[in-house]
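**Student:** Got a structure for you, written out below as structure tokens; questions coming shortly.
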Amino acid sequence: MTRTQLIGLLSAILLFVAIYCVFSFAEIEMTMLEVQKIFYFHISSAFTLFLAFGVTFISSILYLIKRRDKYDTIALVSTEIGIVFGVVVFTTGPIWARFAWNTWWNWEPRLTSALILWLTYIGYLILRSALAEEKKRGYSAVLGIIGFLNVPIVYFSVELWKGGLHPDTSTKMNLPPTMQIAWLISWLALTLLYLFLLMFRYRVEQMKLELETIQHQQMGEL
Amino acid sequence: MHKGLWITVLIVFGLVFGLFLFSQIPVAITQDEVSIAVSDAIAETNAQVDEMEVEQLVTQKAVGKLEARQKKRLKFLVSAYFIIWLIFSLYALHLAKMQNQLRKRIEQLHDGLQGKE
Amino acid sequence: MEAFRQIGWLIHKDLALQFRTKDMLALIIVFSVLVVLIFCFAFGPIFPEKLEERGKLAASVLWGTFLFAGIITLNRSFDIERMNGALHGLRLTGVDASYLYLSKVVSIFLFLILLEVVVTPIALQFLDILTVLPVALQEQLPWLLLKLIGVIAIGTLGFCAVGVVVSGISTNTDGKESLLSVVLLPLTFPVVMAGAKCTVSLLTTGGLGGNFWISVLIVYSLVFLASSYLLFEFVVEG
């Protein structure tokens, strides 16, 4: 069994455990009742989204320093997976908001800054696909760095924009222990899932490169 | 990874998930909730007739209302988790498909190269 | 000193290119006025009576227009550089990449400021903001305009700091320069947000309403100037 498969298996098992914890172990929250159970996977996906783009940021820096293709591939792959997690966040978020506040979108600072980050990295992927082969690595590394630098500023300004002069940071709920455990496990499960997807996607990207080199070889022979 | 394995994992995931959703969440209606709903309903109707009978009818109605409300909540919950599950599985399937295609192509090309030699 | 001389020459070159054919500036100004007109047609002819609402309207019109104009200017400026490999030629003369970056930012900044100085009074007049301004503010109108231009200038600096890097990248795509906006717009959200807020509070109270938004503008400009200054080398070299 390869390492990727092992991590895949682990994340699958943990996902089951997480589902179990969320649905039968964690107590039911009093104001939102069952709908509150969206929270576990919604917030964990959002965390993973920031993690994924953070990995893009760091590996972009590493690429510019060391100039190894490996880092560029990791950056690309991590961005793509981050966008997938973003889709989860931005579909479950509105479902939650619709129930809790009777609206499909709420300008919550964290959600908004995640959205802007998400859009930035979609732009990154689009631009990357339009760049020429020999140039795209360095350029997309620059974009990956700039995009992530924007995060704290966006977050700060959205919070100011939303809440006036006194940003309210005490909105974090004081979760009862069972909920905390369920949340931690689902967070861990999604992080492992991210890791698994990362390794899997990395392997696919490598196969693509391999295919390209073989094709080049054949062209050379012809 | 093998495609069949993938699909099995996903189906098992869906099954387990469904099992939890529809068996492990009992109807979370407590006695308090019922009594609150009943008193609300009584206040709404303003009726003064045979209290026992009225209360029974109203209780039925109130429980029905609560159940309808819970159904609505479950609809939200189910759709959210369904979407999460769908997105991840679609992405994983997409990756698996891509990998299979690439592998086939590479094998073909390798065979072609060896055939020439 | 040598550095300043080189940067000075580069700026001189850029500005000379921008202004050699007057049509570029004229085109951008006409374009901006047209955008303002479209906004006015959409919201007018009777604008909101309340000062605060009209201030918000003016801020959105101004910043929306400047964003569009900025994107066009950036695209155009790098088009000239890429044509016939002019940027490559410049690099061969041994000019440092960071000088190139600074000169590009300064020249585009100057160009946009010129545009904004012309367009801002026109837009404010079209929106008829004078009639709702309180008397105290009307008396010191030039001072108010100066402050407004100052705020806009800081925002434009932040915009140019990122814009130069991103458009340096996006000109390398063949015929897909419009991709610039897809990447640049999400990156400039804080500038638009903070700039618009500052503009609203200037137009309604004459002050900045606390230091928060102006500091967001300044921090953004500084962060992106510094990071882009470091990263531009990789953009030029590819």
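Just so we're on the same page: first chain in the structure tokens is A, next is B, and so on; residues restart at 1 for each chain, and ligands are numbered from 1 in the order they show up.
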Region 190-207 of chain C: which residues within 6 Å, counting only C-alpha atoms, same-chain residues fewer than 3 positions away excluded, as a PyMOL selection string?
**Tutor:** (chain A and resi 154) or (chain C and resi 52+55-56+59+155+213+217)
**Student:** Could you list, as number ranges by chain, every residue within 10 Å of Leu64 (chain A), counting only C-alpha atoms and ignoring same-chain residues fewer than 3 positions away?
**Tutor:** A: 59-61, 67-68, 71-72, 137-139, 141-142; C: 231, 234
**Student:** Dump C-alpha atoms for the selected residues as a CSV table (one decimal), in the first residue's frame?
**Tutor:**
chain,number,residue,atom,x,y,z
A,59,SER,CA,5.4,26.8,-2.0
A,60,SER,CA,5.4,29.8,-4.3
A,61,ILE,CA,8.0,31.5,-2.2
A,67,ARG,CA,13.5,27.1,-8.6
A,68,ARG,CA,12.5,23.5,-8.3
A,71,TYR,CA,7.2,23.5,-5.5
A,72,ASP,CA,5.4,25.0,-8.5
A,137,ARG,CA,5.9,28.9,-13.3
A,138,GLY,CA,7.6,32.1,-12.2
A,139,TYR,CA,4.7,34.3,-13.0
A,141,ALA,CA,4.4,32.0,-8.1
A,142,VAL,CA,4.4,35.8,-8.0
C,231,LEU,CA,8.8,40.5,-6.8
C,234,PHE,CA,10.8,37.7,-11.3
**Student:** May I have the residues of chain A within 7 Å of chain B, counting only C-alpha atoms, written as a short mmCIF file (atom, residue, chain, number, x, y, z; two decimals) with N, CA and C atoms, in the first residue's frame?
**Tutor:**
data_model
loop_
_atom_site.label_atom_id
_atom_site.label_comp_id
_atom_site.auth_asym_id
_atom_site.auth_seq_id
_atom_site.Cartn_x
_atom_site.Cartn_y
_atom_site.Cartn_z
N ILE A 19 -18.62 11.94 10.82
CA ILE A 19 -20.06 11.92 10.57
C ILE A 19 -20.79 11.35 11.79
N PHE A 23 -23.42 13.52 14.01
CA PHE A 23 -24.85 13.23 14.01
C PHE A 23 -25.37 12.54 15.24
N SER A 24 -24.49 11.84 15.97
CA SER A 24 -25.11 11.18 17.12
C SER A 24 -24.39 11.47 18.43
N GLU A 34 -31.18 21.13 14.57
CA GLU A 34 -30.37 20.23 13.73
C GLU A 34 -29.55 20.97 12.68
N VAL A 35 -30.04 22.11 12.24
CA VAL A 35 -29.34 22.80 11.15
C VAL A 35 -27.93 23.20 11.57
N ILE A 38 -24.58 21.75 10.22
CA ILE A 38 -23.84 22.15 9.02
C ILE A 38 -22.50 22.75 9.41
N VAL A 88 -17.38 24.10 -1.44
CA VAL A 88 -18.12 23.57 -0.30
C VAL A 88 -18.52 24.70 0.65
N THR A 92 -22.48 25.63 1.40
CA THR A 92 -23.08 25.37 2.71
C THR A 92 -23.34 26.67 3.46
N ILE A 95 -26.77 28.05 2.73
CA ILE A 95 -27.83 27.22 3.31
C ILE A 95 -28.00 27.55 4.79
N ARG A 201 -3.60 14.42 -6.49
CA ARG A 201 -3.57 15.37 -7.60
C ARG A 201 -2.14 15.62 -8.05
N VAL A 204 -1.16 12.91 -10.33
CA VAL A 204 -1.77 13.09 -11.65
C VAL A 204 -0.99 14.12 -12.46
N MET A 207 2.11 12.69 -13.77
CA MET A 207 1.86 11.84 -14.92
C MET A 207 1.69 12.67 -16.17
N LYS A 208 1.04 13.81 -16.01
CA LYS A 208 0.86 14.71 -17.15
C LYS A 208 2.22 15.15 -17.71
N LEU A 211 3.89 12.33 -19.48
CA LEU A 211 3.31 12.15 -20.80
C LEU A 211 3.91 13.16 -21.78
#
**Student:** For chain A, work out the contacting residues on chain C at 6 Å, counting only C-alpha atoms, and write them as a list in words.
**Tutor:**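 On the chain C side, the interface is Thr173, Val182, Val183, Pro186, Pro190 and Gly238 of chain C.
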**Student:** Those residues you just picked out, can you put them in a file as a short mmCIF file (atom, residue, chain, number, x, y, z; two decimals), in the first residue's frame with C-alpha atoms?
**Tutor:**
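Everything below was put into out-v9.cif:
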data_model
loop_
_atom_site.label_atom_id
_atom_site.label_comp_id
_atom_site.auth_asym_id
_atom_site.auth_seq_id
_atom_site.Cartn_x
_atom_site.Cartn_y
_atom_site.Cartn_z
CA THR C 173 -0.66 35.96 -22.51
CA VAL C 182 -9.99 39.04 -13.36
CA VAL C 183 -6.85 38.97 -11.25
CA PRO C 186 -10.13 40.93 -6.36
CA PRO C 190 -9.39 46.89 0.05
CA GLY C 238 9.97 35.34 -16.32
#
**Student:** Which residues, written as an MDAnalysis selection string, have at least one atom at most 10 Å from region 2-8 of chain A, with only C-alpha atoms counted and residues fewer than 2 positions away on the same chain left out?
**Tutor:** (chainID A and resid 10:14 192:200 203) or (chainID B and resid 1)
**Student:** Write a file of the selected residues as a compact mmCIF listing (two decimals), in the first residue's frame, keeping C-alpha atoms.
**Tutor:**
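selection.txt written:
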# COMPACT_ATOMS: atom_id res chain seq x y z
CA LEU A 10 -7.23 7.14 7.07
CA SER A 11 -9.17 10.16 5.89
CA ALA A 12 -12.09 7.97 4.81
CA ILE A 13 -12.19 6.32 8.24
CA LEU A 14 -11.93 9.67 9.97
CA LEU A 192 -6.47 14.64 6.01
CA LEU A 193 -8.80 14.62 3.03
CA TYR A 194 -7.01 17.72 1.78
CA LEU A 195 -3.67 16.01 2.22
CA PHE A 196 -4.89 12.95 0.37
CA LEU A 197 -6.32 14.98 -2.51
CA LEU A 198 -3.10 16.96 -2.62
CA MET A 199 -0.96 13.86 -2.99
CA PHE A 200 -3.34 12.28 -5.46
CA ARG A 203 0.65 12.32 -8.80
CA MET B 1 -6.18 3.96 -6.88
**Student:** Apply DSSP to the backbone of this structure and, from region 78-210 of chain C, keep only the residues in helix (DSSP H, G or I); write these as JSON, numbers by chain.
**Tutor:** {"C": [78, 79, 80, 81, 82, 83, 84, 85, 86, 87, 88, 89, 90, 91, 92, 97, 98, 99, 100, 101, 102, 103, 104, 105, 106, 107, 108, 109, 110, 111, 112, 113, 114, 115, 116, 117, 118, 119, 120, 121, 122, 123, 124, 125, 126, 129, 130, 131, 132, 135, 136, 137, 138, 139, 141, 142, 143, 144, 145, 146, 147, 148, 149, 150, 151, 152, 153, 154, 155, 156, 157, 158, 159, 160, 161, 162, 163, 164, 165, 166, 167, 168, 169, 170, 179, 180, 181, 182, 183, 184, 185, 186, 187, 189, 190, 191, 192, 193, 194, 195, 196, 197, 198, 199, 200, 201, 202, 203, 204, 205]}
**Student:** Interatomic distance between CA of Leu66 (chain B) and CA of Ile43 (chain A)?
**Tutor:**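 Taking CA of Leu66 (chain B) as the start and CA of Ile43 (chain A) as the end point, the length is 28.3 Å.
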**Student:** Pick out the residues sitting within 10 Å of Ile149 (chain C), and hand them over as a ChimeraX atom specification; count only C-alpha atoms, and ignore anything fewer than 6 positions along from it in its own chain.
**Tutor:** /C:113,116-117,120,143,155,199
**Student:** Store the residues picked out above in a file with N, CA and C atoms, as a compact mmCIF listing (two decimals), in the first residue's frame.
**Tutor:**
# COMPACT_ATOMS: atom_id res chain seq x y z
N ILE C 113 -3.27 60.34 -11.98
CA ILE C 113 -3.59 61.51 -11.16
C ILE C 113 -4.07 62.67 -12.04
N GLU C 116 -7.50 61.98 -12.91
CA GLU C 116 -8.44 62.12 -11.79
C GLU C 116 -8.69 63.58 -11.45
N VAL C 117 -7.64 64.40 -11.58
CA VAL C 117 -7.82 65.82 -11.31
C VAL C 117 -8.82 66.42 -12.28
N THR C 120 -12.60 64.28 -11.51
CA THR C 120 -13.31 64.42 -10.23
C THR C 120 -14.26 65.62 -10.20
N TRP C 143 -10.16 73.57 -0.58
CA TRP C 143 -9.47 72.76 0.44
C TRP C 143 -10.04 71.34 0.45
N GLY C 155 -4.96 56.07 -2.81
CA GLY C 155 -5.60 54.86 -3.35
C GLY C 155 -5.01 54.48 -4.70
N THR C 199 -13.83 58.81 0.83
CA THR C 199 -14.48 59.81 -0.02
C THR C 199 -15.84 60.19 0.54
